[in-house]
$ cat protein.tsv   # TSV, C-alpha atoms and all ligand atoms
chain	number	residue	atom	x	y	z
A	1	MET	CA	58.00	-42.10	-203.22
A	2	THR	CA	60.07	-40.20	-205.81
A	3	PRO	CA	63.49	-41.72	-206.50
A	4	ILE	CA	66.37	-39.93	-204.79
A	5	ALA	CA	69.62	-38.93	-206.47
A	6	LEU	CA	72.31	-41.38	-205.45
A	7	ASP	CA	75.90	-41.61	-206.61
A	8	ALA	CA	76.37	-44.88	-208.56
A	9	ALA	CA	79.74	-45.65	-206.98
A	10	ARG	CA	78.35	-45.25	-203.47
A	11	VAL	CA	75.36	-47.43	-204.31
A	12	ALA	CA	77.74	-50.10	-205.63
A	13	GLY	CA	79.77	-49.82	-202.41
A	14	TRP	CA	76.74	-50.16	-200.13
A	15	ARG	CA	75.47	-53.14	-202.10
A	16	ALA	CA	78.91	-54.81	-202.05
A	17	THR	CA	79.17	-54.31	-198.29
A	18	TRP	CA	75.68	-55.75	-197.88
A	19	ASP	CA	76.82	-58.84	-199.80
A	20	THR	CA	79.83	-59.28	-197.52
A	21	MET	CA	77.60	-58.75	-194.49
A	22	MET	CA	75.13	-61.42	-195.64
A	23	THR	CA	78.03	-63.82	-196.15
A	24	GLY	CA	78.93	-63.09	-192.52
A	25	PHE	CA	75.47	-64.22	-191.48
A	26	VAL	CA	75.42	-67.15	-193.91
A	27	PRO	CA	79.00	-68.35	-194.42
A	28	GLY	CA	77.89	-70.92	-197.01
A	29	LEU	CA	75.96	-68.39	-199.09
A	30	SER	CA	77.95	-68.80	-202.31
A	31	ALA	CA	77.80	-72.60	-202.03
A	32	PHE	CA	74.05	-72.32	-201.52
A	33	GLU	CA	73.69	-70.17	-204.64
A	34	ARG	CA	75.61	-72.75	-206.70
A	35	VAL	CA	73.30	-75.51	-205.45
A	36	LEU	CA	70.27	-73.30	-206.07
A	37	THR	CA	71.13	-72.54	-209.68
A	38	THR	CA	72.13	-76.12	-210.50
A	39	ALA	CA	68.95	-77.49	-208.94
A	40	ALA	CA	66.72	-74.92	-210.63
A	41	GLU	CA	68.16	-75.80	-214.05
A	42	ALA	CA	67.85	-79.53	-213.40
A	43	LEU	CA	64.28	-79.28	-212.12
A	44	ARG	CA	63.15	-77.04	-215.00
A	45	CYS	CA	65.20	-78.93	-217.63
A	46	GLY	CA	67.08	-75.74	-218.48
A	47	PRO	CA	67.22	-72.09	-217.41
A	48	PRO	CA	64.06	-70.88	-215.69
A	49	ALA	CA	62.10	-68.31	-217.70
A	50	ARG	CA	60.39	-66.50	-214.82
A	51	VAL	CA	62.09	-65.97	-211.47
A	52	LEU	CA	60.84	-64.19	-208.36
A	53	ASP	CA	63.04	-63.31	-205.37
A	54	LEU	CA	60.93	-62.59	-202.26
A	55	GLY	CA	62.44	-60.34	-199.60
A	56	GLY	CA	65.27	-59.71	-202.05
A	57	GLY	CA	66.72	-56.66	-200.24
A	58	PRO	CA	69.15	-54.65	-202.40
A	59	GLY	CA	69.06	-57.38	-205.05
A	60	LEU	CA	72.38	-59.21	-205.02
A	61	LEU	CA	70.83	-62.63	-205.65
A	62	ALA	CA	68.41	-61.21	-208.23
A	63	GLU	CA	71.36	-59.67	-210.06
A	64	ARG	CA	73.35	-62.92	-210.02
A	65	MET	CA	70.36	-64.97	-211.20
A	66	ALA	CA	69.71	-62.48	-214.03
A	67	ALA	CA	73.38	-62.69	-215.05
A	68	ARG	CA	73.27	-66.49	-215.09
A	69	TRP	CA	69.93	-66.63	-216.92
A	70	PRO	CA	69.99	-63.60	-219.26
A	71	ASP	CA	66.73	-64.54	-220.97
A	72	ALA	CA	64.80	-64.91	-217.71
A	73	ALA	CA	62.36	-62.31	-216.40
A	74	VAL	CA	63.68	-61.73	-212.86
A	75	THR	CA	61.62	-59.78	-210.32
A	76	LEU	CA	62.44	-58.81	-206.75
A	77	VAL	CA	59.88	-58.08	-204.04
A	78	ASP	CA	60.66	-56.33	-200.79
A	79	LEU	CA	59.04	-54.06	-198.26
A	80	ASP	CA	61.95	-51.97	-197.03
A	81	PRO	CA	62.01	-48.56	-198.77
A	82	VAL	CA	65.76	-48.12	-198.22
A	83	LEU	CA	66.67	-51.51	-199.67
A	84	LEU	CA	64.22	-51.03	-202.54
A	85	GLU	CA	65.92	-47.73	-203.38
A	86	LEU	CA	69.32	-49.44	-203.45
A	87	ALA	CA	67.88	-52.23	-205.63
A	88	ARG	CA	66.35	-49.76	-208.09
A	89	ALA	CA	69.51	-47.66	-208.21
A	90	GLY	CA	71.91	-50.59	-208.47
A	91	LEU	CA	70.19	-53.19	-210.61
A	92	PRO	CA	70.00	-53.30	-214.40
A	93	GLY	CA	66.67	-51.90	-215.59
A	94	GLU	CA	65.39	-55.22	-216.89
A	95	ILE	CA	65.16	-56.65	-213.37
A	96	GLY	CA	61.76	-55.84	-211.88
A	97	VAL	CA	61.72	-54.25	-208.42
A	98	ILE	CA	58.38	-54.30	-206.62
A	99	GLY	CA	57.61	-52.81	-203.23
A	100	ALA	CA	55.11	-55.06	-201.46
A	101	ASP	CA	54.54	-56.72	-198.11
A	102	LEU	CA	54.95	-60.50	-198.15
A	103	THR	CA	52.23	-60.75	-195.52
A	104	SER	CA	49.70	-59.14	-197.88
A	105	THR	CA	47.93	-60.38	-200.99
A	106	VAL	CA	49.48	-57.52	-202.96
A	107	TRP	CA	52.66	-59.29	-204.04
A	108	PRO	CA	51.01	-62.21	-205.89
A	109	ALA	CA	48.69	-59.76	-207.64
A	110	ARG	CA	51.58	-57.50	-208.68
A	111	THR	CA	54.05	-60.18	-209.73
A	112	GLY	CA	51.69	-62.39	-211.73
A	113	GLY	CA	51.91	-66.15	-211.96
A	114	GLY	CA	53.72	-68.80	-213.93
A	115	HIS	CA	57.06	-68.48	-212.15
A	116	ASP	CA	59.51	-71.33	-212.62
A	117	LEU	CA	61.52	-70.45	-209.53
A	118	ILE	CA	60.63	-68.46	-206.41
A	119	THR	CA	63.36	-67.79	-203.86
A	120	ALA	CA	63.33	-66.34	-200.35
A	121	VAL	CA	66.75	-66.00	-198.74
A	122	MET	CA	67.02	-64.98	-195.08
A	123	ALA	CA	63.57	-63.41	-195.34
A	124	VAL	CA	61.05	-65.78	-193.76
A	125	HIS	CA	62.47	-65.39	-190.25
A	126	TYR	CA	60.88	-61.92	-190.36
A	127	LEU	CA	57.44	-63.54	-190.56
A	128	THR	CA	55.20	-65.28	-188.07
A	129	PRO	CA	54.51	-69.02	-188.53
A	130	ALA	CA	51.01	-68.20	-189.83
A	131	ALA	CA	52.43	-65.68	-192.31
A	132	ILE	CA	54.99	-68.23	-193.54
A	133	ARG	CA	52.22	-70.76	-194.14
A	134	ALA	CA	50.22	-68.15	-196.06
A	135	LEU	CA	53.33	-67.19	-198.03
A	136	TYR	CA	53.93	-70.82	-199.04
A	137	ALA	CA	50.32	-71.15	-200.23
A	138	ALA	CA	50.58	-67.94	-202.25
A	139	ALA	CA	53.95	-69.03	-203.69
A	140	ARG	CA	52.49	-72.38	-204.73
A	141	ASP	CA	49.72	-70.56	-206.61
A	142	ALA	CA	52.25	-68.23	-208.24
A	143	LEU	CA	54.40	-71.09	-209.58
A	144	ALA	CA	54.14	-72.69	-212.99
A	145	PRO	CA	53.27	-76.41	-212.97
A	146	GLY	CA	56.32	-78.23	-211.65
A	147	GLY	CA	57.90	-74.94	-210.53
A	148	VAL	CA	60.07	-74.77	-207.42
A	149	LEU	CA	60.12	-72.65	-204.27
A	150	VAL	CA	63.49	-72.40	-202.50
A	151	VAL	CA	63.58	-70.96	-198.99
A	152	ALA	CA	66.96	-70.50	-197.30
A	153	ASP	CA	67.09	-69.35	-193.71
A	154	VAL	CA	68.12	-70.29	-190.20
A	155	MET	CA	66.66	-73.80	-189.93
A	156	PRO	CA	68.52	-75.57	-187.14
A	157	ASP	CA	68.94	-79.33	-187.32
A	158	ASP	CA	65.91	-81.28	-186.23
A	159	GLY	CA	66.21	-82.34	-182.60
A	160	VAL	CA	68.28	-79.39	-181.37
A	161	PRO	CA	66.58	-77.96	-178.27
A	162	ALA	CA	64.99	-74.58	-178.92
A	163	LEU	CA	66.99	-72.91	-176.14
A	164	MET	CA	70.28	-74.08	-177.63
A	165	ARG	CA	69.34	-72.52	-180.96
A	166	VAL	CA	69.08	-69.16	-179.27
A	167	LEU	CA	72.18	-69.60	-177.11
A	168	ASP	CA	74.47	-70.84	-179.87
A	169	PRO	CA	74.03	-68.60	-182.88
A	170	GLY	CA	77.46	-69.49	-184.32
A	171	PRO	CA	80.83	-67.77	-183.97
A	172	GLY	CA	80.59	-65.41	-186.94
A	173	GLU	CA	77.13	-64.14	-186.18
A	174	ALA	CA	78.14	-61.57	-183.54
A	175	ALA	CA	80.55	-59.99	-186.03
A	176	ALA	CA	77.82	-60.02	-188.69
A	177	GLU	CA	75.40	-58.31	-186.27
A	178	LEU	CA	78.00	-55.60	-185.66
A	179	ALA	CA	78.55	-55.16	-189.41
A	180	TRP	CA	74.74	-54.91	-189.82
A	181	ALA	CA	74.50	-52.14	-187.22
A	182	GLN	CA	77.41	-50.27	-188.82
A	183	TRP	CA	75.95	-50.60	-192.31
A	184	TRP	CA	72.58	-49.21	-191.25
A	185	GLY	CA	74.31	-46.51	-189.20
A	186	GLU	CA	76.25	-45.39	-192.26
A	187	LEU	CA	73.12	-45.16	-194.39
A	188	ALA	CA	71.23	-43.32	-191.66
A	189	ALA	CA	73.87	-40.60	-191.80
A	190	VAL	CA	73.36	-39.99	-195.54
A	191	PRO	CA	71.06	-36.97	-195.99
A	192	GLN	CA	69.29	-38.42	-199.08
A	193	PHE	CA	68.16	-41.41	-197.03
A	194	GLN	CA	66.53	-39.44	-194.20
A	195	ASP	CA	62.95	-39.69	-195.48
A	196	LEU	CA	63.34	-43.33	-196.46
A	197	MET	CA	64.80	-44.17	-193.06
A	198	THR	CA	61.80	-42.54	-191.39
A	199	ALA	CA	59.43	-44.49	-193.65
A	200	ARG	CA	61.36	-47.69	-192.83
A	201	ALA	CA	61.11	-47.10	-189.09
A	202	GLU	CA	57.33	-46.59	-189.45
A	203	LEU	CA	56.94	-49.76	-191.49
A	204	PHE	CA	58.84	-52.01	-189.11
A	205	ARG	CA	57.72	-50.43	-185.84
A	206	ASP	CA	54.71	-52.68	-185.18
A	207	ARG	CA	56.07	-55.84	-186.74
A	208	PRO	CA	57.16	-58.85	-184.72
A	209	PRO	CA	60.94	-59.05	-184.12
A	210	ALA	CA	62.78	-60.86	-186.92
A	211	GLY	CA	63.56	-64.01	-185.03
A	212	PHE	CA	61.30	-66.90	-185.95
A	213	THR	CA	63.25	-70.09	-186.50
A	214	ALA	CA	61.97	-73.58	-187.09
A	215	ASP	CA	63.73	-76.70	-188.25
A	216	LEU	CA	63.64	-77.80	-191.84
A	217	GLY	CA	61.05	-80.46	-191.06
A	218	TRP	CA	58.65	-77.70	-189.96
A	219	HIS	CA	59.16	-75.79	-193.20
A	220	ALA	CA	58.76	-78.95	-195.30
A	221	ALA	CA	55.52	-79.84	-193.50
A	222	ALA	CA	54.23	-76.27	-193.91
A	223	ALA	CA	55.01	-76.42	-197.64
A	224	ARG	CA	53.23	-79.76	-198.04
A	225	ASP	CA	50.25	-78.40	-196.08
A	226	ALA	CA	50.24	-75.44	-198.48
A	227	GLY	CA	49.78	-77.85	-201.37
A	228	PHE	CA	53.31	-78.51	-202.61
A	229	ARG	CA	53.73	-81.95	-204.11
A	230	GLU	CA	57.13	-82.59	-202.49
A	231	ALA	CA	59.29	-80.67	-200.06
A	232	GLY	CA	62.68	-81.41	-198.52
A	233	ALA	CA	66.24	-80.29	-197.90
A	234	LEU	CA	68.17	-78.78	-200.78
A	235	TRP	CA	71.25	-77.61	-198.85
A	236	ARG	CA	72.58	-77.32	-195.33
A	237	ASP	CA	75.54	-75.55	-193.70
A	238	GLY	CA	75.44	-75.52	-189.90
A	239	ARG	CA	72.28	-73.81	-188.65
A	240	HIS	CA	71.45	-72.60	-192.15
A	241	ALA	CA	69.52	-74.71	-194.60
A	242	ALA	CA	67.42	-74.43	-197.73
A	243	LEU	CA	64.06	-76.02	-198.38
A	244	ALA	CA	63.05	-76.93	-201.92
A	245	ALA	CA	59.32	-77.38	-202.51
A	246	LEU	CA	57.95	-78.60	-205.82
A	247	ALA	CA	54.60	-77.43	-207.09
A	248	GLY	CA	52.27	-80.04	-208.52
A	249	GLY	CA	51.41	-80.37	-212.17
A	250	MET	CA	53.44	-81.42	-215.14
A	251	PRO	CA	57.17	-81.15	-214.49
A	252	CYS	CA	59.33	-80.15	-217.45
A	253	SER	CA	60.54	-82.81	-219.83
A	254	ARG	CA	63.64	-83.06	-221.98
A	255	SER	CA	62.85	-83.43	-225.65
B	301	LIG	C1	68.17	-60.28	-194.03
B	301	LIG	S1	67.41	-59.48	-195.35
B	301	LIG	C2	67.81	-60.55	-196.72
B	301	LIG	C3	67.72	-59.85	-198.03
B	301	LIG	C4	68.13	-60.68	-199.25
B	301	LIG	N1	67.27	-61.82	-199.43
B	301	LIG	C5	69.56	-61.11	-199.15
B	301	LIG	O1	69.82	-62.30	-198.92
B	301	LIG	O2	70.42	-60.27	-199.31
B	301	LIG	C6	65.68	-59.79	-195.13
B	301	LIG	C7	64.82	-59.10	-196.15
B	301	LIG	O3	63.47	-59.46	-195.97
B	301	LIG	C8	62.70	-58.28	-196.17
B	301	LIG	N2	61.40	-58.41	-195.51
B	301	LIG	C9	61.15	-58.63	-194.20
B	301	LIG	N3	59.83	-58.68	-193.96
B	301	LIG	C10	59.22	-58.47	-195.14
B	301	LIG	C11	57.86	-58.39	-195.55
B	301	LIG	N4	56.86	-58.55	-194.69
B	301	LIG	N5	57.60	-58.14	-196.84
B	301	LIG	C12	58.61	-57.98	-197.74
B	301	LIG	N6	59.91	-58.06	-197.41
B	301	LIG	C13	60.22	-58.29	-196.13
B	301	LIG	C14	63.54	-57.19	-195.55
B	301	LIG	O4	63.14	-55.92	-195.96
B	301	LIG	C15	64.91	-57.59	-196.05
B	301	LIG	O5	65.19	-57.09	-197.31
$ encode --input "protein.tsv" --output "structure tokens" --more "lines below"
Ligand SMILES: C[S@@+](CC[C@H](N)C(=O)[O-])C[C@H]1O[C@@H](n2cnc3c(N)ncnc32)[C@H](O)[C@@H]1O
Amino acid sequence: MTPIALDAARVAGWRATWDTMMTGFVPGLSAFERVLTTAAEALRCGPPARVLDLGGGPGLLAERMAARWPDAAVTLVDLDPVLLELARAGLPGEIGVIGADLTSTVWPARTGGGHDLITAVMAVHYLTPAAIRALYAAARDALAPGGVLVVADVMPDDGVPALMRVLDPGPGEAAAELAWAQWWGELAAVPQFQDLMTARAELFRDRPPAGFTADLGWHAAAARDAGFREAGALWRDGRHAALAALAGGMPCSRS
């Protein structure tokens, strides 16, 4: 699709509101990002050189990782044509933005291999369990030896009954859902987005509802089944947690 003309200030505003909205869904988001960057540097013995953000939306995390690691090649993958447009319009040109479906084999082919860090933040709950397993296997293949996959999402504590997970989404989540509806409503009213909104509706029409949640133990087991050497908790805040999974092969070494 040809890029549309968007006012830079409005793009910045929509992306900033998205960031606030995501913090509504994940109140510990900034703490998570601090843990993520510290862990990535420790595990790779320095700044990662190649970074991939899966389901990166309008690219706030990609932008922050690129700012922290200016020499890294940072690439974002997403499916949503509206969010991709905001990423392309709002991100510095050196950050790669790739439109691809995480349930296809297109994204590994288009992003190459040898990544030191692959992230997926609030993205895997859009996928089915089988698609998450396939994603973990593809991510393992796309990592450099000793590279790390970090997946942050709703991963309720082990042992919490499934029904309670649904009934108790957390106090801030209703407000975040409202902010989400308002944000999308505002974009839908912008004439330049009409075609992209139509394309988005087509893309998501036949997909399963974004609601798969499993505990961290499930994700860790799925990562190990996919061939990761080690997998476990990196961070937790309430119902939200992050899995870190280490690819096999030679880890980095300090010289
Ligand atoms: C809640 S948003 C999170 C976006 C971003 N990671 C963040 O934290 O701001 C979920 C993202 O996953 C993307 N997504 C969902 N299913 C996808 C798929 N099959 N392939 C690629 N991206 C997908 C959505 O388009 C959306 O950008």
$ atom_distance --input "protein.tsv" --atom1 "atom CA of A:Ala214" --atom2 "atom O2 of ligand LIG 301 (chain B)"
19.9 Å
$ residues_around --input "protein.tsv" --residues "A:Glu94" --least-positions-apart "6" --cutoff "9 Å" --atoms "all atoms listed in the file" --output "VMD selection string"
chain A and resid 66 73 to 75
$ write_last_selection --input "protein.tsv" --atoms "C-alpha atoms" --output "mmCIF file, in the coordinates of the input"
data_model
loop_
_atom_site.group_PDB
_atom_site.id
_atom_site.type_symbol
_atom_site.label_atom_id
_atom_site.label_comp_id
_atom_site.auth_asym_id
_atom_site.auth_seq_id
_atom_site.Cartn_x
_atom_site.Cartn_y
_atom_site.Cartn_z
ATOM 1 C CA ALA A 66 69.710 -62.480 -214.030
ATOM 2 C CA ALA A 73 62.360 -62.310 -216.400
ATOM 3 C CA VAL A 74 63.680 -61.730 -212.860
ATOM 4 C CA THR A 75 61.620 -59.780 -210.320
#
$ atom_distance --input "protein.tsv" --atom1 "atom CA of A:Ala89" --atom2 "atom CA of A:Pro58"
9.1 Å
$ closest_residue --input "protein.tsv" --among "A:Arg44, A:Arg133, A:His125, A:Arg64" --to "A:Ala210" --atoms "all atoms listed in the file"
A:His125
$ closest_residue --input "protein.tsv" --among "A:Ala179, A:Ala100, A:Val26, A:Leu143" --to "ligand LIG 301 (chain B)" --atoms "only C-alpha atoms and all ligand atoms"
A:Ala100
$ closest_residue --input "protein.tsv" --among "A:Gly59, A:Pro47, A:Gly248, A:Gly24" --to "ligand LIG 301 (chain B)" --atoms "all atoms listed in the file"
A:Gly59
$ residues_near_ligand --input "protein.tsv" --ligand "ligand LIG 301 (chain B)" --cutoff "7 Å" --atoms "all atoms listed in the file" --output "list of chain:residue names"
A:Asp19, A:Met22, A:Leu54, A:Gly55, A:Gly56, A:Gly57, A:Pro58, A:Gly59, A:Leu60, A:Leu61, A:Val77, A:Asp78, A:Leu79, A:Asp80, A:Leu83, A:Ala100, A:Asp101, A:Leu102, A:Thr103, A:Ala120, A:Val121, A:Met122, A:Ala123, A:Tyr126, A:Leu127
$ closest_residue --input "protein.tsv" --among "A:Leu29, A:Leu117, A:Leu52, A:Leu149" --to "A:Ala137" --atoms "all atoms listed in the file"
A:Leu149
$ residues_around --input "protein.tsv" --residues "stretch 230-236 of chain A" --least-positions-apart "3" --cutoff "9 Å" --atoms "only C-alpha atoms" --output "list in words"
Gly28, Ala31, Phe32, Val35, Leu36, Ala39, Val150, Ala152, Met155, Leu216, Gly217, His219, Ala220, Ala221, Ala223, Arg224, Gly227, Arg239, His240, Ala241, Ala242, Leu243, Ala244, Ala245, Leu246, Ala247 and Gly248 of chain A
$ closest_residue --input "protein.tsv" --among "A:Thr213, A:Ile95, A:Met21, A:Pro81" --to "A:Thr128" --atoms "only C-alpha atoms"
A:Thr213
$ build_atoms --input "protein.tsv" --residues "stretch 84-103 of chain A" --atoms "N, CA and C atoms" --output "mmCIF file, in the frame of the given file"
data_model
loop_
_atom_site.group_PDB
_atom_site.id
_atom_site.type_symbol
_atom_site.label_atom_id
_atom_site.label_comp_id
_atom_site.auth_asym_id
_atom_site.auth_seq_id
_atom_site.Cartn_x
_atom_site.Cartn_y
_atom_site.Cartn_z
ATOM 1 N N LEU A 84 64.820 -51.135 -201.205
ATOM 2 C CA LEU A 84 64.220 -51.030 -202.540
ATOM 3 C C LEU A 84 64.919 -49.932 -203.353
ATOM 4 N N GLU A 85 65.240 -48.837 -202.686
ATOM 5 C CA GLU A 85 65.920 -47.730 -203.380
ATOM 6 C C GLU A 85 67.296 -48.193 -203.876
ATOM 7 N N LEU A 86 68.008 -48.942 -203.028
ATOM 8 C CA LEU A 86 69.320 -49.440 -203.450
ATOM 9 C C LEU A 86 69.183 -50.444 -204.595
ATOM 10 N N ALA A 87 68.109 -51.268 -204.539
ATOM 11 C CA ALA A 87 67.880 -52.230 -205.630
ATOM 12 C C ALA A 87 67.599 -51.488 -206.931
ATOM 13 N N ARG A 88 66.724 -50.503 -206.860
ATOM 14 C CA ARG A 88 66.350 -49.760 -208.090
ATOM 15 C C ARG A 88 67.569 -49.019 -208.656
ATOM 16 N N ALA A 89 68.369 -48.457 -207.751
ATOM 17 C CA ALA A 89 69.510 -47.660 -208.210
ATOM 18 C C ALA A 89 70.656 -48.557 -208.697
ATOM 19 N N GLY A 90 70.739 -49.769 -208.163
ATOM 20 C CA GLY A 90 71.910 -50.590 -208.470
ATOM 21 C C GLY A 90 71.694 -51.690 -209.481
ATOM 22 N N LEU A 91 70.440 -52.043 -209.728
ATOM 23 C CA LEU A 91 70.190 -53.190 -210.610
ATOM 24 C C LEU A 91 69.983 -52.740 -212.053
ATOM 25 N N PRO A 92 70.343 -53.601 -212.999
ATOM 26 C CA PRO A 92 70.000 -53.300 -214.400
ATOM 27 C C PRO A 92 68.496 -53.141 -214.546
ATOM 28 N N GLY A 93 68.074 -52.267 -215.454
ATOM 29 C CA GLY A 93 66.670 -51.900 -215.590
ATOM 30 C C GLY A 93 65.747 -53.059 -215.904
ATOM 31 N N GLU A 94 66.286 -54.120 -216.495
ATOM 32 C CA GLU A 94 65.390 -55.220 -216.890
ATOM 33 C C GLU A 94 64.963 -56.087 -215.711
ATOM 34 N N ILE A 95 65.584 -55.907 -214.557
ATOM 35 C CA ILE A 95 65.160 -56.650 -213.370
ATOM 36 C C ILE A 95 64.026 -55.865 -212.689
ATOM 37 N N GLY A 96 62.889 -56.512 -212.498
ATOM 38 C CA GLY A 96 61.760 -55.840 -211.880
ATOM 39 C C GLY A 96 61.958 -55.675 -210.381
ATOM 40 N N VAL A 97 61.620 -54.508 -209.858
ATOM 41 C CA VAL A 97 61.720 -54.250 -208.420
ATOM 42 C C VAL A 97 60.354 -53.789 -207.929
ATOM 43 N N ILE A 98 59.746 -54.591 -207.055
ATOM 44 C CA ILE A 98 58.380 -54.300 -206.620
ATOM 45 C C ILE A 98 58.351 -54.130 -205.103
ATOM 46 N N GLY A 99 57.781 -53.040 -204.666
ATOM 47 C CA GLY A 99 57.610 -52.810 -203.230
ATOM 48 C C GLY A 99 56.295 -53.410 -202.781
ATOM 49 N N ALA A 100 56.346 -54.440 -201.956
ATOM 50 C CA ALA A 100 55.110 -55.060 -201.460
ATOM 51 C C ALA A 100 55.433 -55.856 -200.201
ATOM 52 N N ASP A 101 54.415 -55.987 -199.371
ATOM 53 C CA ASP A 101 54.540 -56.720 -198.110
ATOM 54 C C ASP A 101 54.249 -58.199 -198.364
ATOM 55 N N LEU A 102 55.152 -59.055 -197.941
ATOM 56 C CA LEU A 102 54.950 -60.500 -198.150
ATOM 57 C C LEU A 102 53.814 -61.047 -197.304
ATOM 58 N N THR A 103 53.353 -60.282 -196.334
ATOM 59 C CA THR A 103 52.230 -60.750 -195.520
ATOM 60 C C THR A 103 50.886 -60.265 -196.092
#
